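Participant: Hey, dropping query-v6.cif in here, mmCIF, C-alpha atoms and all ligand atoms:
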```
data_work
#
loop_
_atom_site.label_atom_id
_atom_site.label_comp_id
_atom_site.auth_asym_id
_atom_site.auth_seq_id
_atom_site.Cartn_x
_atom_site.Cartn_y
_atom_site.Cartn_z
CA MET A 783 -15.86 1.56 16.92
CA SER A 784 -17.76 4.41 18.64
CA ASP A 785 -19.07 2.26 21.51
CA GLN A 786 -15.50 1.66 22.66
CA TRP A 787 -15.10 5.27 23.70
CA ASN A 788 -15.84 6.60 27.16
CA ILE A 789 -14.46 10.07 26.53
CA ASP A 790 -16.01 12.56 24.16
CA VAL A 791 -13.90 11.95 21.04
CA SER A 792 -14.70 13.74 17.80
CA GLN A 793 -17.27 12.64 15.25
CA ARG A 794 -14.29 12.26 12.94
CA ILE A 795 -13.07 9.34 15.03
CA ARG A 796 -16.51 7.94 15.78
CA ARG A 797 -17.40 7.57 12.13
CA LEU A 798 -14.35 5.48 11.30
CA PRO A 799 -15.32 1.98 10.14
CA PRO A 800 -14.46 -0.87 12.54
CA TYR A 801 -10.82 -1.92 12.47
CA LEU A 802 -11.09 -5.50 11.26
CA PHE A 803 -7.48 -6.43 11.99
CA ALA A 804 -7.90 -5.72 15.72
CA ARG A 805 -8.69 -9.29 16.88
CA LEU A 806 -6.04 -10.77 14.62
CA ASN A 807 -3.39 -8.35 15.89
CA LYS A 808 -4.28 -9.05 19.50
CA LEU A 809 -4.03 -12.81 19.03
CA LYS A 810 -0.72 -12.40 17.18
CA TYR A 811 0.63 -10.27 19.98
CA ASP A 812 -0.49 -12.80 22.64
CA LYS A 813 1.14 -15.68 20.74
CA ARG A 814 4.39 -13.81 20.32
CA ARG A 815 4.49 -13.12 24.03
CA GLN A 816 4.31 -16.88 24.49
CA ASN A 817 7.32 -17.21 22.17
CA VAL A 818 5.35 -18.90 19.41
CA ASP A 819 7.19 -18.65 16.08
CA ILE A 820 4.51 -16.87 14.08
CA ILE A 821 5.09 -16.58 10.32
CA ASP A 822 3.61 -13.17 9.64
CA LEU A 823 2.44 -12.73 6.06
CA GLY A 824 -0.26 -10.31 7.12
CA MET A 825 1.26 -6.98 6.27
CA GLY A 826 3.22 -5.61 3.31
CA ASN A 827 6.04 -4.67 5.64
CA PRO A 828 9.31 -5.62 3.87
CA LEU A 829 11.78 -7.75 5.84
CA ASP A 830 14.59 -7.30 3.32
CA PRO A 831 17.14 -4.58 4.05
CA ALA A 832 17.48 -1.17 2.44
CA PRO A 833 20.56 -0.89 0.16
CA ASP A 834 23.87 -0.49 2.06
CA ILE A 835 24.82 2.66 0.20
CA VAL A 836 21.60 4.33 1.40
CA ILE A 837 22.17 3.30 5.00
CA GLU A 838 25.76 4.58 4.82
CA LYS A 839 24.58 7.95 3.51
CA LEU A 840 22.00 8.17 6.28
CA CYS A 841 24.71 7.59 8.92
CA GLU A 842 27.08 10.08 7.31
CA ALA A 843 24.39 12.76 7.08
CA ALA A 844 23.24 12.07 10.64
CA HIS A 845 26.74 13.03 11.87
CA ASP A 846 26.33 16.54 10.49
CA PRO A 847 24.63 18.67 13.15
CA ARG A 848 23.23 21.00 10.49
CA ASN A 849 20.95 18.13 9.49
CA HIS A 850 19.45 17.95 12.97
CA ARG A 851 17.43 21.12 12.59
CA TYR A 852 13.82 21.17 11.48
CA SER A 853 13.73 20.36 7.80
CA VAL A 854 11.48 21.73 5.05
CA SER A 855 7.91 20.44 5.20
CA SER A 856 7.64 20.08 1.41
CA GLY A 857 10.99 18.27 1.19
CA LEU A 858 14.53 19.41 0.32
CA PHE A 859 14.70 20.96 -3.13
CA ASN A 860 17.46 18.56 -4.24
CA LEU A 861 15.30 15.60 -3.30
CA ARG A 862 12.32 16.94 -5.24
CA ARG A 863 14.59 17.62 -8.21
CA ASP A 864 15.85 14.03 -8.14
CA VAL A 865 12.28 12.70 -8.06
CA SER A 866 11.42 14.75 -11.12
CA GLN A 867 14.56 13.43 -12.85
CA LEU A 868 13.55 9.89 -11.94
CA TYR A 869 10.13 10.46 -13.56
CA GLU A 870 11.81 11.85 -16.67
CA ARG A 871 14.04 8.77 -16.86
CA LEU A 872 11.43 6.15 -16.09
CA TYR A 873 8.28 7.54 -17.65
CA ASN A 874 9.32 10.43 -19.85
CA VAL A 875 7.20 12.73 -17.68
CA SER A 876 8.35 16.29 -16.92
CA LEU A 877 7.62 17.67 -13.47
CA ASP A 878 8.55 21.03 -12.01
CA PRO A 879 10.24 20.20 -8.69
CA GLU A 880 9.13 23.54 -7.22
CA THR A 881 5.42 23.20 -7.84
CA GLU A 882 4.63 19.69 -9.00
CA VAL A 883 6.51 17.55 -6.47
CA ILE A 884 6.19 17.35 -2.69
CA ALA A 885 7.84 14.95 -0.23
CA THR A 886 5.58 13.17 2.26
CA ILE A 887 6.11 11.19 5.47
CA GLY A 888 5.53 7.97 3.54
CA SER A 889 2.73 7.98 0.99
CA LYS A 890 0.13 7.13 3.66
CA GLU A 891 0.60 10.45 5.43
CA GLY A 892 0.54 12.34 2.14
CA PHE A 893 -2.53 10.51 0.91
CA SER A 894 -4.43 11.12 4.15
CA HIS A 895 -3.57 14.80 4.26
CA MET A 896 -4.44 15.19 0.58
CA CYS A 897 -7.91 13.85 1.40
CA LEU A 898 -8.14 16.34 4.25
CA ALA A 899 -7.05 19.12 1.94
CA LEU A 900 -9.61 18.27 -0.74
CA MET A 901 -12.58 16.75 1.04
CA GLY A 902 -15.04 17.65 3.77
CA PRO A 903 -18.60 16.93 4.89
CA GLY A 904 -20.90 16.59 1.88
CA ASP A 905 -18.09 15.51 -0.46
CA THR A 906 -17.81 12.01 -1.93
CA ALA A 907 -14.92 9.91 -3.17
CA VAL A 908 -15.25 6.89 -5.47
CA VAL A 909 -13.10 3.92 -4.45
CA GLY A 910 -12.94 0.40 -5.92
CA ASP A 911 -13.87 -2.55 -3.69
CA PRO A 912 -11.73 -4.44 -2.62
CA TYR A 913 -9.68 -1.47 -1.44
CA PHE A 914 -6.56 -0.62 0.52
CA PRO A 915 -8.18 0.42 3.84
CA ILE A 916 -6.41 3.81 4.02
CA HIS A 917 -8.20 4.83 0.82
CA VAL A 918 -11.46 4.61 2.72
CA TYR A 919 -10.35 5.66 6.23
CA SER A 920 -8.68 8.85 4.98
CA VAL A 921 -11.87 9.97 3.29
CA ALA A 922 -13.86 9.16 6.43
CA LEU A 923 -11.39 11.08 8.61
CA ALA A 924 -11.82 14.08 6.33
CA GLY A 925 -15.55 13.92 7.11
CA ALA A 926 -16.49 12.94 3.56
CA ASN A 927 -18.28 9.89 2.14
CA VAL A 928 -17.09 6.93 0.12
CA ILE A 929 -18.95 5.27 -2.73
CA ASN A 930 -17.55 1.81 -3.41
CA VAL A 931 -17.57 0.49 -6.94
CA THR A 932 -16.84 -3.17 -7.58
CA LEU A 933 -13.33 -3.52 -8.89
CA GLY A 934 -12.93 -5.64 -12.00
CA ASN A 935 -11.03 -5.66 -15.20
CA ASP A 936 -10.19 -2.16 -16.42
CA GLU A 937 -12.99 -1.62 -18.94
CA ALA A 938 -15.83 -2.85 -16.77
CA PHE A 939 -14.56 -0.96 -13.75
CA LEU A 940 -14.32 2.32 -15.60
CA GLU A 941 -17.81 1.85 -17.00
CA ARG A 942 -19.16 1.37 -13.49
CA VAL A 943 -17.26 4.41 -12.25
CA SER A 944 -18.61 6.51 -15.16
CA HIS A 945 -22.12 5.40 -14.34
CA VAL A 946 -21.76 6.39 -10.68
CA VAL A 947 -20.14 9.72 -11.49
CA GLU A 948 -22.79 10.57 -14.08
CA HIS A 949 -25.76 9.66 -11.92
CA LEU A 950 -24.78 10.58 -8.39
CA TYR A 951 -25.89 13.93 -7.02
CA PRO A 952 -24.03 15.83 -5.72
CA LYS A 953 -21.35 14.65 -8.10
CA PRO A 954 -18.38 12.84 -6.51
CA LYS A 955 -15.35 15.02 -6.13
CA LEU A 956 -12.58 12.47 -6.22
CA LEU A 957 -11.69 9.14 -7.84
CA ILE A 958 -9.09 7.05 -6.01
CA LEU A 959 -7.13 4.50 -8.05
CA ASN A 960 -4.31 2.10 -7.23
CA TYR A 961 -2.46 -0.03 -9.81
CA PRO A 962 -0.73 -2.42 -9.19
CA HIS A 963 -3.49 -2.86 -6.68
CA ASN A 964 -3.37 -3.72 -3.02
CA PRO A 965 -4.84 -6.20 -2.06
CA THR A 966 -5.79 -7.85 -5.37
CA ALA A 967 -2.49 -7.26 -7.24
CA MET A 968 -4.58 -6.25 -10.25
CA THR A 969 -2.68 -4.29 -12.90
CA VAL A 970 -3.58 -2.24 -15.95
CA ASP A 971 -2.10 -2.95 -19.35
CA GLY A 972 -0.98 0.45 -20.49
CA VAL A 973 -1.40 4.20 -20.41
CA SER A 974 -4.64 4.00 -22.40
CA PHE A 975 -6.50 3.06 -19.21
CA PHE A 976 -5.33 6.26 -17.56
CA GLU A 977 -6.15 8.25 -20.69
CA GLU A 978 -9.74 7.12 -20.32
CA VAL A 979 -9.60 8.10 -16.66
CA VAL A 980 -8.37 11.57 -17.61
CA ASP A 981 -11.18 11.91 -20.20
CA LEU A 982 -13.74 10.92 -17.60
CA ALA A 983 -12.29 13.29 -15.01
CA ARG A 984 -12.31 16.17 -17.49
CA ARG A 985 -15.80 15.42 -18.72
CA GLU A 986 -17.28 15.16 -15.24
CA GLY A 987 -15.10 17.68 -13.44
CA ILE A 988 -13.67 15.28 -10.86
CA LEU A 989 -10.18 14.94 -9.41
CA VAL A 990 -8.03 11.80 -9.45
CA ILE A 991 -5.52 10.38 -6.99
CA HIS A 992 -3.47 7.44 -8.20
CA ASP A 993 -1.66 5.48 -5.50
CA PHE A 994 1.38 4.05 -7.29
CA ALA A 995 2.98 2.36 -4.27
CA TYR A 996 3.80 -0.77 -6.29
CA GLY A 997 4.82 0.95 -9.49
CA ARG A 998 8.36 -0.43 -9.21
CA THR A 999 7.38 -3.84 -7.86
CA CYS A 1000 6.62 -5.51 -11.18
CA PHE A 1001 7.91 -8.65 -12.86
CA ASP A 1002 7.57 -11.04 -15.82
CA GLY A 1003 8.63 -8.19 -18.11
CA TYR A 1004 5.66 -6.06 -17.03
CA GLY A 1005 6.25 -2.35 -16.40
CA ALA A 1006 3.39 -0.56 -14.66
CA PRO A 1007 2.34 2.68 -16.38
CA SER A 1008 2.31 5.91 -14.41
CA PHE A 1009 -0.95 7.86 -14.33
CA LEU A 1010 1.10 10.95 -15.17
CA GLN A 1011 2.03 9.47 -18.55
CA ALA A 1012 -1.55 10.02 -19.68
CA ARG A 1013 -2.06 13.20 -21.67
CA GLY A 1014 -3.62 15.87 -19.47
CA ALA A 1015 -3.19 13.87 -16.25
CA LYS A 1016 -1.59 16.81 -14.48
CA ASP A 1017 -4.73 18.86 -15.16
CA VAL A 1018 -6.90 16.52 -13.12
CA GLY A 1019 -4.84 14.63 -10.61
CA VAL A 1020 -1.80 13.49 -8.72
CA GLU A 1021 0.16 10.30 -8.18
CA PHE A 1022 1.67 9.06 -4.91
CA ILE A 1023 4.87 7.01 -4.83
CA THR A 1024 6.86 5.63 -1.94
CA MET A 1025 10.40 4.58 -1.05
CA SER A 1026 8.93 1.90 1.27
CA LYS A 1027 8.56 -0.95 -1.19
CA PRO A 1028 11.13 -0.60 -4.02
CA TYR A 1029 14.00 0.33 -1.68
CA ASN A 1030 12.81 -1.51 1.47
CA MET A 1031 12.66 1.79 3.34
CA ALA A 1032 9.22 1.32 4.91
CA GLY A 1033 10.23 2.48 8.39
CA TRP A 1034 12.10 5.47 7.04
CA ARG A 1035 8.84 7.18 6.01
CA LEU A 1036 9.60 8.79 2.70
CA GLY A 1037 7.14 9.19 -0.15
CA PHE A 1038 6.09 11.75 -2.74
CA CYS A 1039 3.06 13.32 -4.34
CA LEU A 1040 3.45 14.42 -7.95
CA GLY A 1041 1.34 16.13 -10.55
CA ASN A 1042 -1.40 18.76 -10.34
CA ARG A 1043 0.08 21.91 -8.84
CA GLU A 1044 -3.14 23.11 -7.21
CA MET A 1045 -3.63 19.81 -5.43
CA ILE A 1046 0.01 19.84 -4.37
CA ARG A 1047 -0.33 23.40 -3.12
CA ALA A 1048 -3.34 22.33 -1.04
CA LEU A 1049 -1.35 19.43 0.44
CA ALA A 1050 1.65 21.69 1.09
CA THR A 1051 -0.62 24.12 2.93
CA ILE A 1052 -1.92 21.42 5.28
CA LYS A 1053 1.56 19.98 5.80
CA GLY A 1054 2.97 23.43 6.48
CA TYR A 1055 0.68 23.60 9.51
CA TYR A 1056 1.10 20.01 10.67
CA ASP A 1057 4.77 19.12 10.27
CA TYR A 1058 8.31 20.44 9.93
CA GLY A 1059 9.47 17.94 7.34
CA ILE A 1060 11.20 14.57 7.30
CA PHE A 1061 14.55 14.20 9.12
CA SER A 1062 17.03 15.65 6.59
CA PRO A 1063 19.45 12.66 6.62
CA ILE A 1064 16.57 10.45 5.44
CA GLN A 1065 15.88 12.83 2.59
CA ILE A 1066 19.58 12.97 1.67
CA ALA A 1067 19.80 9.17 1.74
CA GLY A 1068 16.65 9.07 -0.42
CA ILE A 1069 18.50 11.02 -3.12
CA ILE A 1070 21.26 8.39 -3.11
CA ALA A 1071 18.66 5.62 -3.40
CA MET A 1072 17.08 7.20 -6.46
CA ARG A 1073 20.42 7.91 -8.12
CA HIS A 1074 22.23 4.63 -7.51
CA CYS A 1075 19.87 1.83 -6.57
CA GLU A 1076 18.09 0.85 -9.78
CA PRO A 1077 19.76 -2.61 -9.66
CA ASP A 1078 18.48 -3.06 -6.08
CA VAL A 1079 14.94 -2.19 -7.18
CA ALA A 1080 15.12 -4.76 -9.98
CA ARG A 1081 16.61 -7.41 -7.68
CA GLN A 1082 13.87 -6.85 -5.11
CA ALA A 1083 11.17 -7.25 -7.74
CA GLU A 1084 12.79 -10.52 -8.87
CA LEU A 1085 12.77 -11.74 -5.28
CA TYR A 1086 9.04 -11.09 -5.07
CA ALA A 1087 8.51 -12.91 -8.36
CA SER A 1088 10.27 -16.05 -7.07
CA ARG A 1089 8.35 -15.92 -3.80
CA ARG A 1090 5.14 -15.45 -5.74
CA ASP A 1091 5.84 -18.64 -7.68
CA VAL A 1092 6.34 -20.56 -4.46
CA VAL A 1093 3.11 -19.30 -2.89
CA VAL A 1094 0.92 -19.50 -6.00
CA ASP A 1095 2.06 -23.05 -6.60
CA ALA A 1096 1.54 -24.19 -3.03
CA LEU A 1097 -1.89 -22.55 -2.67
CA ARG A 1098 -3.10 -24.05 -5.95
CA ARG A 1099 -2.13 -27.44 -4.61
CA MET A 1100 -4.53 -26.69 -1.73
CA ASP A 1101 -7.27 -26.10 -4.36
CA TRP A 1102 -7.29 -22.37 -3.73
CA GLN A 1103 -7.95 -20.27 -6.81
CA VAL A 1104 -5.05 -17.96 -7.48
CA GLU A 1105 -4.07 -15.77 -10.41
CA SER A 1106 -0.35 -15.31 -10.71
CA PRO A 1107 0.21 -11.55 -10.26
CA ARG A 1108 2.71 -9.53 -12.30
CA GLY A 1109 2.99 -6.73 -9.78
CA SER A 1110 2.78 -5.83 -6.06
CA MET A 1111 4.16 -7.88 -3.16
CA PHE A 1112 0.96 -9.87 -2.57
CA VAL A 1113 -0.83 -12.99 -3.64
CA TRP A 1114 -4.62 -12.66 -3.54
CA ALA A 1115 -6.16 -16.08 -3.19
CA LYS A 1116 -9.73 -17.38 -3.20
CA VAL A 1117 -10.07 -19.84 -0.38
CA ALA A 1118 -11.44 -23.28 -1.28
CA GLN A 1119 -15.01 -23.70 -0.01
CA LYS A 1120 -14.03 -26.85 1.87
CA HIS A 1121 -11.59 -24.79 3.94
CA LEU A 1122 -13.98 -21.95 4.70
CA ALA A 1123 -16.34 -24.44 6.33
CA GLY A 1124 -19.12 -21.87 6.47
CA GLU A 1125 -17.05 -19.20 8.20
CA GLY A 1126 -15.88 -15.83 6.92
CA THR A 1127 -12.27 -14.97 6.19
CA ILE A 1128 -11.81 -13.07 9.44
CA ASP A 1129 -12.58 -16.25 11.39
CA LEU A 1130 -10.49 -18.27 8.96
CA SER A 1131 -7.49 -15.99 9.54
CA LEU A 1132 -7.94 -16.28 13.30
CA ARG A 1133 -8.05 -20.07 12.94
CA LEU A 1134 -4.93 -20.08 10.78
CA LEU A 1135 -3.08 -17.98 13.29
CA ASP A 1136 -4.20 -20.18 16.15
CA GLU A 1137 -3.71 -23.57 14.51
CA ALA A 1138 -1.11 -23.01 11.77
CA GLU A 1139 0.78 -20.15 13.44
CA VAL A 1140 0.62 -18.19 10.19
CA VAL A 1141 -0.83 -14.72 9.71
CA VAL A 1142 -2.57 -13.91 6.45
CA ALA A 1143 -4.80 -10.89 5.90
CA PRO A 1144 -8.52 -11.69 5.70
CA GLY A 1145 -10.05 -10.44 2.47
CA ARG A 1146 -13.05 -9.02 4.30
CA ALA A 1147 -10.78 -6.38 5.86
CA PHE A 1148 -10.45 -4.91 2.34
CA GLY A 1149 -14.15 -4.48 1.71
CA GLU A 1150 -17.24 -6.57 1.09
CA ASN A 1151 -15.89 -7.86 -2.20
CA GLY A 1152 -12.83 -9.19 -0.41
CA GLU A 1153 -14.86 -11.80 1.45
CA GLY A 1154 -13.81 -15.31 0.43
CA PHE A 1155 -10.22 -14.25 -0.28
CA VAL A 1156 -7.05 -13.89 1.76
CA ARG A 1157 -4.00 -11.77 0.99
CA VAL A 1158 -0.56 -13.26 1.46
CA ALA A 1159 2.32 -10.76 1.75
CA LEU A 1160 5.51 -12.08 0.15
CA VAL A 1161 7.75 -10.70 2.87
CA GLU A 1162 9.45 -13.90 4.04
CA ASN A 1163 12.04 -15.98 2.21
CA GLU A 1164 11.01 -18.91 0.04
CA GLN A 1165 11.74 -21.50 2.70
CA ARG A 1166 9.58 -19.75 5.28
CA LEU A 1167 6.82 -19.25 2.70
CA ARG A 1168 6.82 -22.97 1.89
CA GLN A 1169 6.73 -23.73 5.59
CA ALA A 1170 3.83 -21.31 6.09
CA VAL A 1171 1.67 -22.89 3.39
CA ARG A 1172 2.56 -26.37 4.65
CA GLN A 1173 1.38 -25.42 8.12
CA MET A 1174 -1.81 -23.88 6.69
CA ASP A 1175 -2.47 -26.99 4.63
CA ARG A 1176 -1.94 -29.26 7.60
CA ALA A 1177 -4.18 -27.21 9.88
CA LEU A 1178 -6.98 -26.87 7.35
CA ASN A 1179 -6.94 -30.28 5.74
CA LYS A 1180 -6.24 -32.64 8.51
CA GLY A 1181 -7.32 -30.64 11.51
CA ILE A 1182 -3.91 -31.46 12.94
CA LYS A 1183 -2.49 -28.69 15.01
CA ALA A 1184 0.84 -27.36 13.80
CA PRO A 1185 3.64 -27.68 16.36
CA SER A 1186 2.87 -25.21 19.10
CA ALA A 1187 4.89 -23.02 21.42
CA LYS A 1188 8.12 -23.38 19.50
CA LYS A 1189 10.74 -21.00 20.68
CA ALA A 1190 10.94 -18.09 18.28
CA LYS A 1191 14.26 -18.63 16.58
CA SER A 1192 16.19 -16.32 14.36
CA LYS A 1193 16.23 -17.83 10.87
CA GLY A 1194 18.11 -15.14 9.09
CA THR A 1195 15.02 -12.96 8.88
CA GLN A 1196 13.78 -10.34 11.29
CA ARG A 1197 10.14 -9.78 11.91
CA PRO A 1198 8.38 -6.45 12.13
CA SER A 1199 7.74 -5.31 15.65
C1 LIG B 1 -1.39 0.70 -1.85
C2 LIG B 1 -0.57 1.27 -0.75
N1 LIG B 1 -0.49 2.60 -0.64
C3 LIG B 1 0.23 3.17 0.33
C4 LIG B 1 0.91 2.40 1.26
C5 LIG B 1 1.65 3.09 2.34
O1 LIG B 1 2.98 3.21 2.01
P1 LIG B 1 3.97 4.20 2.78
O2 LIG B 1 4.91 3.34 3.51
O3 LIG B 1 4.61 5.00 1.70
O4 LIG B 1 3.15 5.07 3.68
C6 LIG B 1 0.85 1.01 1.20
C7 LIG B 1 1.53 0.20 2.20
O5 LIG B 1 1.37 -0.97 2.33
C8 LIG B 1 0.09 0.44 0.15
O6 LIG B 1 -0.01 -0.88 0.05
#
```
So that I can check it, write out the structure of this file as structure tokens.

Facilitator:
Amino acid sequence: MSDQWNIDVSQRIRRLPPYLFARLNKLKYDKRRQNVDIIDLGMGNPLDPAPDIVIEKLCEAAHDPRNHRYSVSSGLFNLRRDVSQLYERLYNVSLDPETEVIATIGSKEGFSHMCLALMGPGDTAVVGDPYFPIHVYSVALAGANVINVTLGNDEAFLERVSHVVEHLYPKPKLLILNYPHNPTAMTVDGVSFFEEVVDLARREGILVIHDFAYGRTCFDGYGAPSFLQARGAKDVGVEFITMSKPYNMAGWRLGFCLGNREMIRALATIKGYYDYGIFSPIQIAGIIAMRHCEPDVARQAELYASRRDVVVDALRRMDWQVESPRGSMFVWAKVAQKHLAGEGTIDLSLRLLDEAEVVVAPGRAFGENGEGFVRVALVENEQRLRQAVRQMDRALNKGIKAPSAKKAKSKGTQRPS
């Protein structure tokens, strides 16, 4: 990335890894400008609406001029109290809303600033590979280093992490986890996994961040465990959650960090300097979501499960290797060799966009271990998903170009801008 700069930007920016979605995004943008009807399954950006009751509360609160003032950077107390009540209800975890809960401008902002609060030059974070890119970029932006450990089933992964933590000098400071995982949709069975994590963290004196963005996006009877359910978790780490996925409030920018009070105090300190808090009507509407929208959360998860079935089925028919996930809003699929035709997944994604008019995320953008895979975001309805895979199949198998330059038509779904 550094050679793109003519001005003297900071080292912080220069040491960011290359942004592997750049070419894909540019091509997508060019096609859209030509009115091509792109089916965009590239990003986990929900197309379904937030619950009506939440939108109504937002509008009502926005009419009150008192809510137009700067808010509180850590979040309104009532909001933090409702988050702690939600954790009590869902996970039987007690949290002090004053010291163990903080609101963030979506979990991405909170996560990034937490890395800045904890890490600096000379520090190291351990992150599984494949990874959600922010988990690596945030550490890089904080001036610290990342050690990637191959992700795998729980036991093997933790063994590899233990090995790295025991043998690396200086010792890593932070372990970053994410279950259900983006991009692989991997899940852990129960709290025992996190109990082992807590033991490891205690033994080795490291901190833990668990990104729980998809904690409520689970199906087939599976309920994802919270890291904070593990005994002693609050002594060593925090968990991030978001309103973006369960309530379809991605653009609203509302998330939370929960757990270790020292880590939360460090994040609150940084945020106190950087921001004045989330627009109060959004926070007030967030309270309504948490109090009244459990059925919406369940319905949304069911929607993802049905879409998953459609995509898993269709991709398997293309001879792609796919495990049916029980959480997250993604399908992580190993591309059939015959379709890769010697190219990497970044080139494959560009080809699919060009010839099938479908965007999928190339696995390589999620780390070296992502090569050979693509991630399909289940954001469109079943009909559009079927159409997308059909177009991919046609483009890859027969070399026949999918219909081009169709006028972008509204089909009952909006697309992210
Ligand atoms: C694993 C993971 N963490 C965090 C985020 C960011 O979510 P938010 O909208 O809360 O910033 C995403 C968004 O896709 C995600 O997949």

Participant: How would you report the residues lying within 10 Å of ligand LIG 1 (chain B), as an MDAnalysis selection string, if you count only C-alpha atoms and all ligand atoms?

Facilitator: chainID A and resid 825:828 886:894 913:917 959:965 967 992:997 1022:1027 1030:1038 1110:1112 1159

Participant: Do a neighbour search on Tyr1029 in chain A at 10 Å with only C-alpha atoms, toss out local chain neighbours closer than 4 positions, and write the hits as a short mmCIF file (atom, residue, chain, number, x, y, z; two decimals) with C-alpha atoms, in the coordinates of the input.

Facilitator:
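Result file follows (around-v4.cif):
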```cif
data_model
loop_
_atom_site.label_atom_id
_atom_site.label_comp_id
_atom_site.auth_asym_id
_atom_site.auth_seq_id
_atom_site.Cartn_x
_atom_site.Cartn_y
_atom_site.Cartn_z
CA PRO A 828 9.31 -5.62 3.87
CA ASP A 830 14.59 -7.30 3.32
CA PRO A 831 17.14 -4.58 4.05
CA ALA A 832 17.48 -1.17 2.44
CA PRO A 833 20.56 -0.89 0.16
CA VAL A 836 21.60 4.33 1.40
CA ARG A 998 8.36 -0.43 -9.21
CA THR A 999 7.38 -3.84 -7.86
CA THR A 1024 6.86 5.63 -1.94
CA MET A 1025 10.40 4.58 -1.05
CA GLY A 1068 16.65 9.07 -0.42
CA ALA A 1071 18.66 5.62 -3.40
CA MET A 1072 17.08 7.20 -6.46
CA CYS A 1075 19.87 1.83 -6.57
CA GLU A 1076 18.09 0.85 -9.78
CA ASP A 1078 18.48 -3.06 -6.08
CA VAL A 1079 14.94 -2.19 -7.18
CA ALA A 1080 15.12 -4.76 -9.98
CA GLN A 1082 13.87 -6.85 -5.11
#
```

Participant: How far is it from CA of Gly972 in chain A to CA of Met1045 in chain A, in Å with one decimal?

Facilitator: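 Taking CA of Gly972 in chain A and CA of Met1045 in chain A, their separation equals 24.7 Å.
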
Participant: Using all atoms listed in the file, list the residues that have an atom at most 9 Å from (-4.3, -4.4, -13.5), coordinates as in the file, as a VMD selection string.

Facilitator: chain A and resid 934 to 936 961 to 963 966 to 971 1006 1108 to 1109

Participant: With all atoms listed in the file as the atoms that count, which of A:Glu1125, A:Asp1101, A:Asp905, A:Glu1139 lies nearest to Asn1179 in chain A?

Facilitator: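 The closest residue to Asn1179 in chain A is A:Asp1101.
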
Participant: With distances taken over all atoms listed in the file, which residue among A:Lys1016, A:Tyr1004, A:Asp1057, A:Tyr951 lies nearest Glu977 in chain A?

Facilitator: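 The closest residue to Glu977 in chain A is A:Lys1016.
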
Participant: Point out the residue among A:Phe859, A:Tyr852, A:Trp1102, A:Tyr1086 with the least atom-to-atom distance to Pro1028 in chain A, counting all atoms listed in the file.

Facilitator: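 Looking at the shortest contact to Pro1028 in chain A, the residue is A:Tyr1086.
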
Participant: Mind listing whatever residues come within 7 Å of the point (22.6, 8.3, 4.1)? Use all atoms listed in the file, file coordinates, and give them as a PyMOL selection string.

Facilitator: chain A and resi 836-843+1063-1064+1066-1067

Participant: Could you tell me which of A:Ala924, A:Leu1160, A:Cys1039, A:Cys897 comes closest to Leu798 in chain A if we count only C-alpha atoms?

Facilitator: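 The shortest atom-to-atom distance to Leu798 in chain A comes from A:Ala924.
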
Participant: Point out the residue among A:Ile821, A:Pro1107, A:Leu923, A:Ala1147 with the least atom-to-atom distance to Gln1165 in chain A, counting all atoms listed in the file.

Facilitator: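 For Gln1165 in chain A, the nearest of the given residues is A:Ile821.
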
Participant: Which of these residues is nearest to Leu1135 in chain A, using all atoms listed in the file: A:Leu1085, A:Leu802, A:Val1161, A:Leu823?

Facilitator: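 Distance minimum relative to Leu1135 in chain A lands on A:Leu823.
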
Participant: Just the residues within 8 Å of Val973 in chain A, please, counting only C-alpha atoms, with nothing from its chain fewer than 6 positions along; format it as a ChimeraX atom specification.

Facilitator: /A:1007-1009,1011-1012

Participant: To one decimal in Å, tell me the separation between CA of Val979 in chain A and CA of Val875 in chain A.

Facilitator: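 Interatomic distance here is 17.5 Å.
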
Participant: Within 10 Å of Lys1053 in chain A, counting all atoms listed in the file, which residues qualify if same-chain residues fewer than 3 places away don't, as a list of chain:residue names?

Facilitator: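 These residues fall inside the cut-off: A:Ser855, A:Ser856, A:Thr886, A:Ile887, A:Glu891, A:Gly892, A:His895, A:Met896, A:Ala899, A:Arg1047, A:Ala1048, A:Leu1049, A:Ala1050, A:Tyr1056, A:Asp1057, A:Tyr1058, A:Gly1059.
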
Participant: Could you state the separation of CA of Ala1083 in chain A and CA of Gly1003 in chain A in Å, given to one decimal place?

Facilitator: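 These atoms are spaced 10.7 Å apart.
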
Participant: Name the residues in contact with Val990 in chain A at a cut-off of 9 Å, using all atoms listed in the file, excluding same-chain residues fewer than 2 positions from it; report them as a PyMOL selection string.

Facilitator: chain A and resi 955-959+979-980+983+988+992+1015+1018-1021

Participant: Keeping only C-alpha atoms, write the selected residues to a file as a tab-separated table (two decimals), in the coordinates of the input.

Facilitator:
```tsv
chain	number	residue	atom	x	y	z
A	955	LYS	CA	-15.35	15.02	-6.13
A	956	LEU	CA	-12.58	12.47	-6.22
A	957	LEU	CA	-11.69	9.14	-7.84
A	958	ILE	CA	-9.09	7.05	-6.01
A	959	LEU	CA	-7.13	4.50	-8.05
A	979	VAL	CA	-9.60	8.10	-16.66
A	980	VAL	CA	-8.37	11.57	-17.61
A	983	ALA	CA	-12.29	13.29	-15.01
A	988	ILE	CA	-13.67	15.28	-10.86
A	992	HIS	CA	-3.47	7.44	-8.20
A	1015	ALA	CA	-3.19	13.87	-16.25
A	1018	VAL	CA	-6.90	16.52	-13.12
A	1019	GLY	CA	-4.84	14.63	-10.61
A	1020	VAL	CA	-1.80	13.49	-8.72
A	1021	GLU	CA	0.16	10.30	-8.18
```
